[in-house]
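**Q** Handing over structure-v9.txt, compact mmCIF, C-alpha atoms.
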```txt
# COMPACT_ATOMS: atom_id res chain seq x y z
CA MET T 1 10.62 51.39 18.35
CA THR T 2 11.22 47.69 18.97
CA LYS T 3 12.34 45.35 16.24
CA LYS T 4 9.53 43.18 14.87
CA GLN T 5 9.85 39.65 16.24
CA LYS T 6 10.23 36.87 13.69
CA GLN T 7 7.34 34.44 13.58
CA PRO T 8 8.19 30.83 14.47
CA ALA T 9 7.87 28.03 11.93
CA ASP T 10 4.73 25.94 11.92
CA PRO T 11 5.39 22.82 14.08
CA VAL T 12 3.29 20.63 11.79
CA ARG T 13 5.37 21.57 8.76
CA GLN T 14 8.52 21.20 10.87
CA GLY T 15 7.37 17.69 11.74
CA ALA T 16 6.79 16.88 8.06
CA LEU T 17 10.25 18.21 7.20
CA ARG T 18 11.84 16.14 9.95
CA ILE T 19 10.14 12.97 8.69
CA LEU T 20 11.18 13.58 5.08
CA ASN T 21 14.79 14.19 6.10
CA ASP T 22 14.85 11.12 8.32
CA PHE T 23 13.23 9.03 5.59
CA GLU T 24 15.99 9.93 3.13
CA ARG T 25 18.62 8.96 5.68
CA ARG T 26 16.96 5.69 6.68
CA PRO T 27 13.79 4.71 4.81
CA ARG T 28 11.16 2.88 6.86
CA PRO T 29 7.34 2.70 6.87
CA LEU T 30 5.83 6.18 6.78
CA PRO T 31 2.90 5.44 9.14
CA GLU T 32 5.39 4.46 11.83
CA MET T 33 7.43 7.65 11.34
CA ILE T 34 4.34 9.87 11.30
CA GLU T 35 2.93 8.30 14.45
CA GLU T 36 6.24 8.77 16.30
CA ASN T 37 6.49 12.45 15.35
CA ALA T 38 2.85 13.16 16.13
CA ARG T 39 3.24 11.61 19.56
CA ARG T 40 6.46 13.54 20.19
CA GLY T 41 4.79 16.81 19.22
CA GLN T 42 1.53 16.00 21.05
CA MET T 43 -0.37 16.84 17.88
CA SER T 44 -4.13 16.94 17.55
CA PRO T 45 -5.73 14.49 15.07
CA ILE T 46 -6.24 17.39 12.63
CA ASP T 47 -2.58 18.43 12.79
CA GLN T 48 -1.42 14.84 12.43
CA SER T 49 -3.67 14.44 9.39
CA PHE T 50 -2.15 17.54 7.75
CA MET T 51 1.37 16.38 8.51
CA GLN T 52 0.54 13.03 6.96
CA HIS T 53 -0.88 14.78 3.89
CA LEU T 54 2.36 16.75 3.45
CA VAL T 55 4.67 13.77 3.94
CA TYR T 56 2.75 11.44 1.66
CA GLY T 57 2.34 14.20 -0.91
CA VAL T 58 6.08 14.81 -1.21
CA VAL T 59 6.95 11.10 -1.27
CA ARG T 60 4.18 10.35 -3.78
CA HIS T 61 5.01 13.23 -6.17
CA ARG T 62 8.74 13.76 -5.57
CA GLU T 63 9.94 13.25 -9.16
CA LYS T 64 7.33 15.68 -10.47
CA LEU T 65 8.11 18.24 -7.75
CA ASP T 66 11.84 18.00 -8.47
CA SER T 67 11.20 18.45 -12.18
CA ILE T 68 9.25 21.65 -11.55
CA ILE T 69 11.81 23.04 -9.10
CA GLY T 70 14.53 22.12 -11.57
CA LYS T 71 13.06 24.50 -14.14
CA PHE T 72 14.20 27.40 -11.95
CA VAL T 73 17.33 26.05 -10.28
CA LYS T 74 19.83 23.37 -11.26
CA ARG T 75 18.84 20.12 -9.64
CA ARG T 76 22.24 19.47 -8.09
CA ASP T 77 22.09 22.92 -6.49
CA PHE T 78 19.07 22.07 -4.38
CA THR T 79 19.25 18.30 -3.98
CA LYS T 80 22.78 18.34 -2.54
CA ASN T 81 21.29 19.85 0.64
CA ARG T 82 18.57 17.54 1.99
CA MET T 83 17.00 20.23 4.18
CA LYS T 84 16.77 22.80 1.41
CA ALA T 85 15.47 20.25 -1.09
CA ASN T 86 12.66 19.07 1.17
CA ILE T 87 11.60 22.61 2.10
CA LEU T 88 11.31 23.43 -1.61
CA ARG T 89 9.39 20.20 -2.21
CA LEU T 90 6.98 20.94 0.64
CA GLY T 91 6.42 24.46 -0.64
CA THR T 92 5.90 23.32 -4.23
CA LEU T 93 3.49 20.59 -3.12
CA GLN T 94 1.34 23.22 -1.40
CA LEU T 95 1.29 25.25 -4.63
CA MET T 96 -0.29 22.44 -6.65
CA PRO T 97 -3.62 23.55 -8.19
CA SER T 98 -5.42 20.89 -6.14
CA SER T 99 -3.93 22.19 -2.86
CA LYS T 100 -6.24 23.78 -0.30
CA VAL T 101 -3.38 25.85 1.14
CA PRO T 102 -3.51 29.51 0.01
CA LYS T 103 -0.45 30.36 -2.10
CA PRO T 104 0.76 33.20 0.20
CA ALA T 105 0.60 30.84 3.18
CA ALA T 106 2.50 28.11 1.31
CA ILE T 107 5.30 30.56 0.49
CA ASN T 108 5.42 32.31 3.86
CA GLU T 109 5.47 29.06 5.83
CA SER T 110 8.30 27.77 3.62
CA ILE T 111 10.31 30.92 4.35
CA LYS T 112 9.77 30.39 8.07
CA LEU T 113 11.00 26.81 7.70
CA ILE T 114 14.15 27.81 5.85
CA ARG T 115 14.87 30.57 8.40
CA ALA T 116 14.36 28.19 11.34
CA THR T 117 16.61 25.49 9.88
CA LEU T 118 19.21 27.11 7.61
CA GLY T 119 19.11 30.79 8.64
CA ASP T 120 18.16 34.00 6.87
CA GLY T 121 20.65 33.65 4.03
CA LEU T 122 18.43 31.43 1.88
CA THR T 123 15.07 33.09 2.49
CA GLY T 124 15.35 35.25 -0.63
CA PHE T 125 16.27 32.23 -2.73
CA VAL T 126 13.29 30.17 -1.50
CA ASN T 127 10.92 33.12 -1.79
CA ALA T 128 11.95 33.80 -5.40
CA ILE T 129 11.67 30.17 -6.53
CA LEU T 130 8.29 29.54 -4.91
CA ARG T 131 6.80 32.81 -6.19
CA ARG T 132 7.78 31.91 -9.73
CA ILE T 133 6.17 28.48 -9.31
CA ALA T 134 3.04 30.03 -7.79
CA ASP T 135 2.69 32.50 -10.67
CA ASP T 136 2.69 29.67 -13.23
CA SER T 137 1.40 26.71 -11.24
CA ASP T 138 -1.46 25.76 -13.59
CA ARG T 139 0.90 25.34 -16.53
CA LEU T 140 3.70 23.75 -14.53
CA PHE T 141 1.44 21.07 -13.05
CA ALA T 142 -0.56 20.45 -16.24
CA LEU T 143 -0.26 16.86 -17.46
CA GLY T 144 0.42 17.70 -21.09
CA PRO T 145 0.50 15.08 -23.89
CA ASN T 146 0.75 11.36 -23.22
CA PRO T 147 4.32 10.35 -22.35
CA GLU T 148 6.24 8.75 -25.20
CA THR T 149 9.37 7.62 -23.37
CA VAL T 150 10.31 6.05 -20.06
CA ASP T 151 11.88 9.34 -18.97
CA ASP T 152 8.59 11.13 -19.74
CA MET T 153 6.72 8.59 -17.60
CA VAL T 154 9.13 9.01 -14.68
CA ILE T 155 8.17 12.69 -14.44
CA ARG T 156 4.52 12.35 -15.43
CA TYR T 157 3.76 9.67 -12.85
CA SER T 158 6.49 10.37 -10.24
CA GLN T 159 7.92 6.86 -10.28
CA PRO T 160 11.59 5.80 -10.27
CA LYS T 161 13.09 4.86 -13.61
CA TRP T 162 13.81 1.24 -12.67
CA LEU T 163 10.16 0.68 -11.79
CA VAL T 164 8.84 2.29 -14.98
CA GLU T 165 11.27 0.26 -17.09
CA MET T 166 10.20 -2.94 -15.34
CA LEU T 167 6.49 -2.28 -15.93
CA VAL T 168 6.96 -1.18 -19.54
CA SER T 169 9.03 -4.29 -20.27
CA LYS T 170 6.32 -6.57 -18.85
CA TYR T 171 3.07 -4.80 -19.72
CA GLY T 172 3.86 -2.29 -22.49
CA MET T 173 3.68 1.50 -22.45
CA GLN T 174 -0.10 1.85 -22.21
CA LYS T 175 -0.69 -0.58 -19.34
CA ALA T 176 2.42 0.59 -17.52
CA GLY T 177 1.12 4.15 -17.77
CA GLU T 178 -2.26 3.12 -16.38
CA TYR T 179 -0.62 1.33 -13.47
CA CYS T 180 1.74 4.22 -12.71
CA SER T 181 -1.16 6.67 -12.86
CA ALA T 182 -3.07 4.55 -10.34
CA PHE T 183 -0.02 4.44 -8.05
CA GLU T 184 0.10 8.24 -7.96
CA GLU T 185 -3.46 8.50 -6.63
CA ARG T 186 -4.48 8.01 -3.01
CA LEU T 187 -6.05 4.62 -2.39
CA PRO T 188 -9.44 4.75 -0.66
CA LEU T 189 -9.56 2.71 2.51
CA SER T 190 -11.83 -0.32 2.36
CA VAL T 191 -13.09 -2.49 5.20
CA ARG T 192 -14.70 -5.92 5.31
CA ILE T 193 -17.59 -6.26 7.70
CA ASN T 194 -17.45 -8.98 10.34
CA THR T 195 -20.51 -11.06 9.49
CA TRP T 196 -19.89 -13.12 12.64
CA LYS T 197 -20.96 -10.08 14.64
CA THR T 198 -23.07 -7.83 12.41
CA THR T 199 -24.97 -7.68 9.14
CA ALA T 200 -24.58 -5.46 6.09
CA GLU T 201 -27.82 -3.68 6.97
CA GLU T 202 -26.70 -2.98 10.53
CA PHE T 203 -23.30 -1.80 9.34
CA GLU T 204 -24.85 0.57 6.80
CA ASN T 205 -27.11 1.99 9.50
CA GLU T 206 -24.04 2.70 11.64
CA LEU T 207 -22.39 4.47 8.70
CA ARG T 208 -25.44 6.71 8.37
CA VAL T 209 -25.28 7.55 12.07
CA LEU T 210 -21.69 8.69 11.46
CA ASN T 211 -22.87 10.74 8.45
CA PHE T 212 -20.68 8.67 6.17
CA GLU T 213 -21.73 8.27 2.59
CA GLU T 214 -22.42 4.60 1.95
CA ARG T 215 -19.90 3.31 -0.58
CA ARG T 216 -20.37 -0.40 -0.95
CA SER T 217 -17.95 -2.28 -3.18
CA GLU T 218 -19.58 -3.23 -6.45
CA LEU T 219 -17.09 -6.04 -6.89
CA ILE T 220 -17.55 -8.18 -3.80
CA ASP T 221 -20.10 -8.41 -0.97
CA ASN T 222 -19.45 -7.09 2.54
CA TYR T 223 -16.72 -4.61 1.54
CA TYR T 224 -17.17 -0.86 2.03
CA TYR T 225 -15.06 2.20 1.32
CA LEU T 226 -14.60 4.72 4.11
CA PRO T 227 -14.43 8.49 3.49
CA ASP T 228 -11.03 9.94 2.63
CA GLY T 229 -8.91 10.69 5.69
CA VAL T 230 -10.88 8.58 8.17
CA ASP T 231 -8.71 6.51 10.49
CA PRO T 232 -10.60 3.23 11.09
CA LYS T 233 -8.90 2.82 14.46
CA SER T 234 -10.75 5.91 15.67
CA LEU T 235 -14.15 4.36 14.91
CA HIS T 236 -16.15 2.27 17.32
CA LEU T 237 -17.05 0.08 14.33
CA PHE T 238 -13.40 -0.96 14.22
CA SER T 239 -12.60 -1.11 17.94
CA GLU T 240 -15.76 -3.12 18.65
CA GLY T 241 -14.96 -5.64 15.93
CA ASP T 242 -17.63 -4.81 13.37
CA CYS T 243 -15.08 -4.56 10.56
CA PHE T 244 -11.54 -5.33 9.46
CA ALA T 245 -9.42 -3.02 7.29
CA GLN T 246 -8.75 -4.98 4.11
CA ASN T 247 -8.48 -4.10 0.45
CA VAL T 248 -11.08 -5.51 -1.91
CA SER T 249 -8.34 -7.22 -3.94
CA SER T 250 -7.66 -9.49 -0.96
CA GLY T 251 -11.32 -10.45 -0.98
CA VAL T 252 -10.97 -11.60 -4.59
CA VAL T 253 -8.01 -13.76 -3.57
CA VAL T 254 -10.12 -15.39 -0.84
CA GLU T 255 -12.71 -16.18 -3.51
CA LEU T 256 -9.91 -17.84 -5.48
CA VAL T 257 -8.92 -19.88 -2.42
CA ASP T 258 -12.53 -21.06 -2.12
CA PRO T 259 -12.24 -22.76 1.29
CA GLN T 260 -14.84 -25.46 1.83
CA PRO T 261 -16.65 -26.41 5.06
CA ASP T 262 -14.64 -28.83 7.19
CA SER T 263 -11.50 -28.38 5.06
CA ASN T 264 -8.10 -28.21 6.77
CA VAL T 265 -6.50 -24.89 5.80
CA VAL T 266 -3.15 -23.30 6.63
CA ASP T 267 -2.21 -19.69 5.94
CA LEU T 268 1.59 -19.78 6.03
CA CYS T 269 2.28 -16.02 6.09
CA SER T 270 -0.84 -14.89 7.82
CA ALA T 271 -0.22 -11.61 9.66
CA PRO T 272 -2.25 -9.54 10.28
CA GLY T 273 -4.83 -12.27 9.71
CA GLY T 274 -7.08 -10.65 7.11
CA LYS T 275 -7.33 -13.59 4.74
CA ALA T 276 -7.47 -16.15 7.57
CA THR T 277 -10.45 -14.41 9.16
CA ALA T 278 -12.11 -13.96 5.75
CA MET T 279 -11.78 -17.71 5.11
CA PHE T 280 -13.20 -18.43 8.55
CA LEU T 281 -16.25 -16.27 7.82
CA LYS T 282 -16.68 -17.66 4.32
CA THR T 283 -17.01 -21.18 5.76
CA ASN T 284 -19.14 -19.94 8.66
CA GLY T 285 -16.50 -21.13 11.09
CA THR T 286 -16.58 -24.76 9.96
CA ALA T 287 -13.12 -24.93 8.33
CA GLN T 288 -10.08 -25.84 10.42
CA ILE T 289 -7.85 -22.82 9.90
CA THR T 290 -4.26 -22.46 11.07
CA ALA T 291 -2.64 -19.01 10.85
CA LEU T 292 1.15 -19.02 10.97
CA ASP T 293 3.80 -16.32 10.80
CA VAL T 294 7.54 -16.26 11.34
CA ASP T 295 7.43 -13.18 13.61
CA LEU T 296 6.18 -13.61 17.19
CA ARG T 297 5.03 -9.98 17.36
CA LYS T 298 3.00 -10.46 14.21
CA THR T 299 1.29 -13.54 15.59
CA GLU T 300 0.35 -11.50 18.65
CA HIS T 301 -1.22 -9.00 16.25
CA ILE T 302 -3.23 -11.83 14.68
CA LYS T 303 -4.46 -12.88 18.13
CA HIS T 304 -5.37 -9.29 18.93
CA ASN T 305 -7.44 -9.06 15.75
CA LEU T 306 -9.18 -12.35 16.51
CA ASN T 307 -10.11 -11.08 19.96
CA ARG T 308 -11.33 -7.77 18.54
CA LEU T 309 -13.46 -9.56 15.94
CA ARG T 310 -14.62 -12.06 18.59
CA LEU T 311 -13.60 -15.00 16.43
CA SER T 312 -12.51 -18.22 18.05
CA GLY T 313 -11.41 -21.46 16.45
CA ILE T 314 -8.47 -20.20 14.38
CA ARG T 315 -5.20 -21.76 15.50
CA VAL T 316 -2.30 -19.30 15.61
CA GLY T 317 1.37 -20.22 15.71
CA VAL T 318 4.92 -19.03 15.06
CA ALA T 319 6.66 -20.81 12.19
CA ASP T 320 9.02 -20.24 9.28
CA ALA T 321 6.91 -21.00 6.19
CA ARG T 322 9.94 -22.68 4.57
CA ARG T 323 10.21 -25.22 7.37
CA VAL T 324 6.67 -26.11 8.48
CA GLU T 325 6.58 -29.90 8.90
CA GLU T 326 2.93 -30.49 9.81
CA THR T 327 1.12 -32.17 6.91
CA GLY T 328 -2.46 -33.10 6.01
CA PHE T 329 -3.70 -29.77 4.69
CA ASP T 330 -6.42 -29.57 2.04
CA ILE T 331 -5.55 -25.93 1.29
CA VAL T 332 -2.25 -24.13 1.70
CA LEU T 333 -2.33 -20.37 1.22
CA VAL T 334 1.01 -18.69 0.55
CA ASP T 335 0.31 -14.96 0.84
CA ALA T 336 4.02 -14.45 0.38
CA PRO T 337 6.34 -11.68 1.54
CA CYS T 338 6.81 -9.50 -1.54
CA SER T 339 7.97 -6.14 -2.82
CA GLY T 340 4.49 -4.62 -2.40
CA ILE T 341 4.68 -2.78 -5.73
CA GLY T 342 0.91 -3.23 -6.15
CA THR T 343 0.29 -1.16 -3.01
CA LEU T 344 2.22 1.96 -4.07
CA ALA T 345 -0.94 4.07 -3.94
CA LYS T 346 -1.15 3.28 -0.22
CA HIS T 347 2.58 2.94 0.51
CA PRO T 348 4.43 5.31 -1.86
CA GLU T 349 7.62 4.92 0.19
CA ILE T 350 8.04 1.44 -1.30
CA LYS T 351 9.41 2.90 -4.54
CA TYR T 352 12.40 4.21 -2.59
CA VAL T 353 12.84 1.10 -0.43
CA GLN T 354 12.67 -1.61 -3.09
CA SER T 355 15.13 -2.31 -5.90
CA PRO T 356 15.48 -4.86 -8.72
CA GLY T 357 18.09 -6.72 -6.70
CA ASN T 358 15.87 -7.00 -3.64
CA ILE T 359 12.95 -8.13 -5.79
CA ARG T 360 15.05 -11.00 -7.16
CA LYS T 361 15.90 -12.02 -3.58
CA LEU T 362 12.22 -11.97 -2.65
CA ALA T 363 11.39 -14.17 -5.62
CA GLY T 364 13.92 -16.70 -4.33
CA LEU T 365 12.27 -16.66 -0.90
CA GLN T 366 8.83 -17.09 -2.48
CA ILE T 367 10.02 -20.19 -4.35
CA GLU T 368 11.43 -21.64 -1.12
CA ILE T 369 8.08 -21.18 0.62
CA LEU T 370 6.17 -22.76 -2.28
CA GLU T 371 8.55 -25.74 -2.25
CA ASN T 372 7.61 -26.49 1.35
CA ALA T 373 3.93 -25.68 0.80
CA ALA T 374 3.81 -28.35 -1.90
CA LYS T 375 5.18 -30.95 0.55
CA ILE T 376 2.62 -30.36 3.30
CA LEU T 377 -0.40 -30.29 0.96
CA ASN T 378 -2.63 -33.35 0.57
CA ILE T 379 -2.92 -34.97 -2.85
CA GLY T 380 -6.00 -33.45 -4.46
CA GLY T 381 -5.60 -30.31 -2.37
CA HIS T 382 -5.04 -26.76 -3.54
CA LEU T 383 -2.04 -24.49 -3.22
CA ILE T 384 -2.76 -20.77 -3.57
CA TYR T 385 0.02 -18.26 -4.16
CA SER T 386 -0.74 -14.57 -3.70
CA VAL T 387 1.39 -11.40 -3.80
CA CYS T 388 0.49 -7.71 -3.83
CA THR T 389 2.97 -6.88 -6.56
CA LEU T 390 3.22 -6.68 -10.35
CA SER T 391 6.92 -7.39 -10.81
CA PRO T 392 7.61 -10.15 -13.39
CA ASP T 393 10.06 -11.97 -11.10
CA GLU T 394 7.47 -12.35 -8.32
CA THR T 395 4.47 -13.17 -10.52
CA ASP T 396 4.87 -15.14 -13.74
CA GLY T 397 8.51 -15.82 -12.90
CA VAL T 398 7.64 -17.59 -9.65
CA LYS T 399 4.74 -19.44 -11.28
CA GLU T 400 6.87 -20.75 -14.15
CA THR T 401 9.73 -21.79 -11.87
CA PHE T 402 7.39 -23.63 -9.53
CA LEU T 403 5.41 -25.45 -12.22
CA LYS T 404 8.58 -26.47 -14.07
CA SER T 405 9.80 -28.39 -11.02
CA HIS T 406 6.33 -29.56 -9.90
CA THR T 407 4.70 -31.17 -12.90
CA ASN T 408 2.12 -32.77 -10.61
CA PHE T 409 0.45 -29.38 -10.09
CA ASN T 410 -2.14 -27.91 -12.49
CA LEU T 411 -3.50 -24.37 -12.41
CA GLU T 412 -7.26 -24.21 -12.10
CA LEU T 413 -10.06 -21.91 -10.98
CA PRO T 414 -12.70 -22.88 -8.43
CA ASP T 415 -16.18 -23.72 -9.67
CA GLY T 416 -18.31 -20.61 -9.90
CA PHE T 417 -15.42 -18.15 -9.79
CA GLN T 418 -16.96 -14.85 -10.88
CA TYR T 419 -14.00 -12.55 -11.39
CA HIS T 420 -13.10 -13.45 -14.96
CA ARG T 421 -12.00 -9.90 -15.77
CA PHE T 422 -8.84 -10.67 -13.77
CA VAL T 423 -8.21 -14.16 -15.19
CA GLN T 424 -5.24 -14.57 -17.54
CA ASP T 425 -4.89 -17.17 -20.27
CA ASP T 426 -3.06 -19.60 -17.98
CA LYS T 427 -5.78 -19.28 -15.26
CA SER T 428 -3.66 -17.16 -12.94
CA ILE T 429 -5.22 -13.85 -11.92
CA LEU T 430 -3.85 -10.33 -12.19
CA ILE T 431 -5.74 -7.55 -10.43
CA PRO T 432 -4.62 -4.18 -11.82
CA PRO T 433 -4.26 -1.21 -9.45
CA GLY T 434 -6.87 1.53 -9.59
CA ASP T 435 -10.59 1.96 -8.89
CA GLY T 436 -9.99 1.27 -5.22
CA LEU T 437 -8.00 -1.92 -5.85
CA GLU T 438 -4.44 -2.82 -4.97
CA GLY T 439 -2.41 -4.49 -7.69
CA MET T 440 -2.32 -8.20 -6.92
CA TYR T 441 -1.31 -11.48 -8.55
CA ALA T 442 -2.37 -15.00 -7.59
CA PHE T 443 -2.69 -18.53 -8.85
CA ARG T 444 -4.42 -21.66 -7.58
CA ALA T 445 -2.81 -25.03 -8.30
CA ARG T 446 -4.18 -28.51 -7.60
CA LYS T 447 -1.83 -31.26 -6.46
CA MET T 448 -2.61 -34.19 -8.76
CA LYS T 449 -0.36 -36.86 -7.26
```
Mind converting the file's structure to structure tokens?

**A**
Amino acid sequence: MTKKQKQPADPVRQGALRILNDFERRPRPLPEMIEENARRGQMSPIDQSFMQHLVYGVVRHREKLDSIIGKFVKRRDFTKNRMKANILRLGTLQLMPSSKVPKPAAINESIKLIRATLGDGLTGFVNAILRRIADDSDRLFALGPNPETVDDMVIRYSQPKWLVEMLVSKYGMQKAGEYCSAFEERLPLSVRINTWKTTAEEFENELRVLNFEERRSELIDNYYYLPDGVDPKSLHLFSEGDCFAQNVSSGVVVELVDPQPDSNVVDLCSAPGGKATAMFLKTNGTAQITALDVDLRKTEHIKHNLNRLRLSGIRVGVADARRVEETGFDIVLVDAPCSGIGTLAKHPEIKYVQSPGNIRKLAGLQIEILENAAKILNIGGHLIYSVCTLSPDETDGVKETFLKSHTNFNLELPDGFQYHRFVQDDKSILIPPGDGLEGMYAFRARKMK
């Protein structure tokens, strides 16, 4: 009688494990890491989608997963070995009540992973821990009462302590909890239709042909939400230039910019060109728009998007926003490099890449860019500052620093601005995360003299 052959580990789960281990060693954008591993493994779109689900799930819920695992094993006993920790996290993720993976499969595939990577010696350990979690998963994953402390919020919402403390300090426990809860959810993908090429009616007809449920944004015209898991790059609507992937919050910022026909506009940190193209369409191509970015590769991406959307007339160039010397602009948009905290629902890896120290450095860079933006703006023109973050240093902190040294600038809203739910007392705007929106902050200041 021959010995039963051991079954190999699932290559998709192996790919997810490899990405998680590599991410802990050297954090970088998850989409880039997932694409590299999918290409290396020659994965089908379905397999790549599942691998992405596993990777994002662990990164998004890591604090909660570690808390649950820690009920059965001392945290230092599993986190000191990166491989073992991530296998347990992957297994526990697949045991969540919302998971579509059958519990026996989640456990068995985790055992195969541990055997393939660390040998047979730990299979009993992993099997015992995951079975205990599976037997009590409903209770273990239940939300329980509202968190009363920062430490409670760290576990409840799977966010690092420094981030929770920062949000609580600025917005209070209730708002901070709402924001953290929104960050833990997956952000639906929204697209803006290219009205230069198609109409809302034509776009909706194409969605019906694809059997997509029509989900038009109730907040702003010409924005639609795509079904969960759809990659816009795989759609002819995207490749043929009928739409541009852009969050609805960015559309609100363009409404705040309020570009006028024949105005001279510069977008200093433009890549990938979403707001520049939105301003072009809003003025029906009559505004003079210059899109600049410091990175040559990013400006090539802007040009690629312009070609795909079949838009001509936007000037693209490479420039450091702190050192642009050309003057005579009626509108200067500073969509500044930022920590991206407002996009955590889409980019959960940010919480492990950013830090309070780095955020302070970014705020310094943002001030430098605004200093130069003020110089190249015409008297009577408007300077718009926008960041997809909620950190105090990058929002009110930047605003207060800038206005203190530029008393000739006054905050104001454009005539007919409709999004008063986001307007703060000082006329800046704060878009909270959730309901399909990225967290975003912006202000519009007029140069008086």

**Q** Please measure the separation of atom CA of Leu122 of chain T and atom CA of Phe78 of chain T, giving the value in Å to one decimal.

**A**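 Here the two named atoms are 11.3 Å from each other.
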
**Q** What's the separation between atom CA of Ser44 of chain T and atom CA of Gly15 of chain T, in Å to one decimal place?

**A**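 A separation of 12.9 Å between them.
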
**Q** Is it possible to get the residues within 6 Å of (-7.2, -20.5, 4.0) (coordinates as in the file, counting only C-alpha atoms) written as a ChimeraX atom specification?

**A** /T:265-267,276,279,333

**Q** Using only C-alpha atoms, determine which residues lie at most 6 Å from segment 387-394 of chain T, disregarding the query and same-chain residues fewer than 4 positions distant; provide the list as an NGL selection string.

**A** :T and (335-336 or 340-342 or 363 or 398 or 439-441)

**Q** How close does segment 123-233 of chain T get to segment 93-106 of chain T? List, as a tab-separated table, each residue of segment 123-233 of chain T within 9 Å, its nearest atom pair and the distance in Å to one decimal, counting all atoms listed in the file.

**A**
```
residue	atom	partner	partner_atom	distance
T:Leu130	CA	T:Leu95	CA	8.2
T:Arg131	CA	T:Lys103	CA	8.7
T:Ile133	CA	T:Leu95	CA	7.5
T:Ala134	CA	T:Leu95	CA	6.0
T:Ser137	CA	T:Met96	CA	6.5
T:Asp138	CA	T:Pro97	CA	6.2
T:Leu140	CA	T:Met96	CA	8.9
T:Phe141	CA	T:Met96	CA	6.8
```
